[in-house]
Each structure stands twice: as C-alpha cells, then as structure tokens.
Amino acid sequence: MRRALAVAAAALVAVSAAGAATSADPGVTPTTVLIGGTVPLSGEAAAFGTVGPGAKAYFDYVNSKGGVNGRKIEYRYYDDAYNPAQTVQLTRKLVEQDKVFAIFDAIGTANNLAIREYLNAQKVPQLFSGDGSQALGGASARYPWTVGFLPSYRGEGAVLGRDLVKTRPKAKVAVLFENTELGKDMARGLSRAVAGNGPKIVASEPYELTTTDVVSQIAKLKGSGADTLMLFATPKFMIQAIVAAKKLAWKPQLYLASVSIEPTIMAIARANAPDLTLGARAIAFVKNPNDPIWRKDPAVALYKSILERFAPSAKWTDVYNWYGMTVAWTMVDTLKRAGKNLTRAGLLRAARSLDTTANPFLLPGTRLHTSAKDAFPLDTVYLYRYDNRQWVRTAGPFPAR
C-alpha cells in the first residue's frame, strides 16, 4: 500500500511538473531565451538593415560572457523590406511558429503600428521599437505591452523649430515629410514650436512610402520661395531631395530627421551637393564612432572588438550597427532586471521601469526612463551641425519629449 501511494505521489509530481513546463511563457528555457523582430534588409529603407546584425553581435558578445541570468539570448530577425504587410506576416510567424518570448526593435513607424494591436492582444512584449511616434509612445493605457526607443518625433520637430526661432527668426520654411506618423509628428512638433515666434511655414509636401521619387515635391517646395528646408524623410528620400534641390539651383538651409544622418548616408548626400549639406542641422542621441572626439572612448573600443569577433563583415563606420548595439544593451539590461524567473509580464514590468544613464553607447548623461504611463525611454537629445566631415555638437541637452 505504501509503495502504491509513493508511486502515485511521484506520478502526481511528474504531472504537475509537466503542467508547469507547458504553462511557461513561450521562448524561455532554463538555458535560453528567444527574441525576434523585423528589419528592412531590402527595400527603400535597407540602410536601416544593419540594426539587426549590430544587435545580434552584441547579444553574441553577452552570450560569450555567460548570457543573462544563466540564459543565452537567441535573436531571430526577418527581412520585411520596410513593408508593413510583411511586418505583420513575419511577426505572426515569430510569435505563432517560432514561439519567441518577445518582439525586439522592429524597425519603422507604420510597421510597428501595424503589429501593435496583435501583440498587445497576445500579451507579447513589443519592446524598444525603432519608432518615436506619439501614436506608439503615447498610448500606454491602451497598449501597455508596447515600448518604443527613438526620441519623440514631435519632440524632435520641436527642438528643430526652437533652433529656427533662435537662429533664423525670419525663416520661410518648406517641409518634405513621409506621410506616416514619423513625418506628420515631426511636422506637428515643428509647427507648434514656431507658431507666433517668427519663422513661417510656407509650404509642406508629403510623400508615400511607395513613391518612386520626390522630385516633383521638391520643385513645388522651391516654388514657395522658402529659404529653409525640413527633410522629415528616411535616407533614400532625403538623398533624393538634396539631389533634386541641387539640380534646381535651390540652396536652402537644411534640417534633417535624425533617422537619416548616419555618416555613410551623409557622405552620399555630400558627394552630390556639398554646398547644401554644409551646415545642415539635426538632433542626435548616440555617440558617433567615426567622430575623433570618441577615439579613446571605451564604448568605441568595445564596439569595434564586438564587430571584429562576432560580425567580421560589418563596417564599424556604419552607425546603424552602433544603434543596434545601443538598443541591444537596453534589452540586456532589461532582461537582467526581469530576474531569473523570466516571464513576459516580468519583462514588461522591467521595461516599464527603466531609469538609467549607464548605456555606454548613448551620449554622456542621456537618461533612459520609462513608467507605466511613459513609453518614450529617451529623455534628452543634442543639436548637431554638419561640417561636411562630421556632425559637430552645437547645443543641448534639450528635452526629447
């Protein structure tokens, strides 16, 4: 009888243990955690694609040091070609087939908004998205499982607008903007900052993600008589706009979206129109490993060593690689604070309670801070000027929100 009871008790324990294992959140084992996301390895925003390999290299480095709380990080990313429809399809694959624990650093405004409803319904963390729209970062009550990473686009537009008020109070401003929340939010922030303060917005032209070029928009903007041009655009269209302005013999003061100021992108723009790129202005929040002032910075040395070991074909001069590591550092820090008993709810609590200035890839003093009501982690940005060699800091820090 005692033997029978012992066997029955052992069977019950085994069943309970099996039940606990199957009820655990997907993507987590005692030794691994699987996260995933989408990046544009192809398409009109392919320049952003190196964000994925840059992040993966950092995760591989962390794994070589033992991982996080005894778990190695597996990072799986797919090419969505910057197409929101593909982002949806691939995100569902990551969640339903690959069984990822969380979605990490999906790139693009329309792309992140397209998957937000689904991920929140599934209670899958959508963390540190490559987006700064108010629609994404300002909807915490309705979409608590979503946390962005980029500075507020409205805040970015406002910083540029306040610089105009200070340095070009009589400016006549033309705006080219991506017809998504990225471009529209930046335009809103700009408009609020300059309203009644001197500079006048005399023309605005949108472009669609599917458009071929922006030549006609630039021609219309030049016809407005503007002497200042805001390019709230991704790299391909920013370069097109500068080339078109050059061909039209238009020489406005340029202000650029921070998503498009990577040095390789700027080199292409400079080669086509050096008289236009000289003196261009933009905000920044990460260190630039190409800038001589960071030559002896430990983070730059770490970055180069990580790429050399874990992504030897990557170009260290590509700041999108650097950005990928910046966001990956934040994810690792969040996983650490989520603890050994890793759950999706615990990870979300950690992501919603950030408060650190320790990220070595950000500009000194830049604070990452979130709360239950705040999904914009970056607190501050700086204003930079392009001297046709490097981006040079001119002012700041400014509030990023």
# chains A, B, ... in the order shown; residues from 1 in each chain; ligands from 1

$ select_by_dssp --residues "stretch 218-294 of chain A" --states "alpha helix (DSSP H)" --output "NGL selection string"
:A and (218-223 or 235-247 or 263-272 or 274-277)

$ residues_around --residues "A:Ala233" --least-positions-apart "5" --cutoff "7 Å" --atoms "only C-alpha atoms" --output "compact mmCIF listing (two decimals) with C-alpha atoms, in the first residue's frame"
# COMPACT_ATOMS: atom_id res chain seq x y z
CA PHE A 177 7.60 64.71 -44.88
CA GLU A 178 6.98 60.98 -45.02
CA GLY A 183 6.78 62.72 -40.83
CA MET A 238 16.44 62.54 -48.05
CA ALA A 257 15.48 63.85 -39.49

$ closest_residue --among "A:Val28, A:Val175, A:Val392, A:Ala375" --to "A:Gly138" --atoms "only C-alpha atoms"
A:Ala375

$ residues_around --residues "A:Phe232" --least-positions-apart "6" --cutoff "12 Å" --atoms "only C-alpha atoms" --output "PyMOL selection string"
chain A and resi 153-154+156-157+160+174-190+204-207+238-239+241+254-261+282

$ closest_residue --among "A:Ala121, A:Val100, A:Ala47, A:Ala299" --to "A:Thr29" --atoms "only C-alpha atoms"
A:Val100

$ residues_around --residues "A:Leu127" --least-positions-apart "6" --cutoff "6 Å" --atoms "only C-alpha atoms" --output "list in words"
Phe104, Thr146 and Val147 of chain A

$ atom_distance --atom1 "atom CA of A:Ile242" --atom2 "atom CA of A:Phe285"
23.7 Å

$ closest_residue --among "A:Leu113, A:Leu354, A:Leu348, A:Ile306" --to "A:Lys56" --atoms "only C-alpha atoms"
A:Ile306

$ residues_around --residues "stretch 209-224 of chain A" --least-positions-apart "5" --cutoff "7 Å" --atoms "only C-alpha atoms" --output "PDB file with C-alpha atoms, in the first residue's frame"
ATOM      1  CA  ALA A 174       9.334  74.335 -46.547  1.00  0.00           C
ATOM      2  CA  VAL A 202       5.149  78.485 -46.231  1.00  0.00           C
ATOM      3  CA  ALA A 203       4.779  75.044 -47.857  1.00  0.00           C
ATOM      4  CA  PHE A 237      14.224  60.156 -49.979  1.00  0.00           C
ATOM      5  CA  GLN A 240      16.759  62.296 -53.488  1.00  0.00           C
ATOM      6  CA  ALA A 241      15.514  65.600 -52.098  1.00  0.00           C
ATOM      7  CA  ALA A 244      16.718  67.471 -56.654  1.00  0.00           C
ATOM      8  CA  ALA A 245      17.319  70.773 -54.839  1.00  0.00           C
ATOM      9  CA  TRP A 250      17.996  75.892 -54.749  1.00  0.00           C
TER      10      TRP A 250
END

$ residues_around --residues "A:Pro169" --least-positions-apart "6" --cutoff "12 Å" --atoms "only C-alpha atoms" --output "PyMOL selection string"
chain A and resi 161-163+193-201+227-228

$ residues_around --residues "A:Asp80" --least-positions-apart "6" --cutoff "9 Å" --atoms "only C-alpha atoms" --output "PyMOL selection string"
chain A and resi 38-43+86-90+111

$ closest_residue --among "A:Ala171, A:Ala358, A:Val319, A:Met331" --to "A:Gly54" --atoms "only C-alpha atoms"
A:Val319
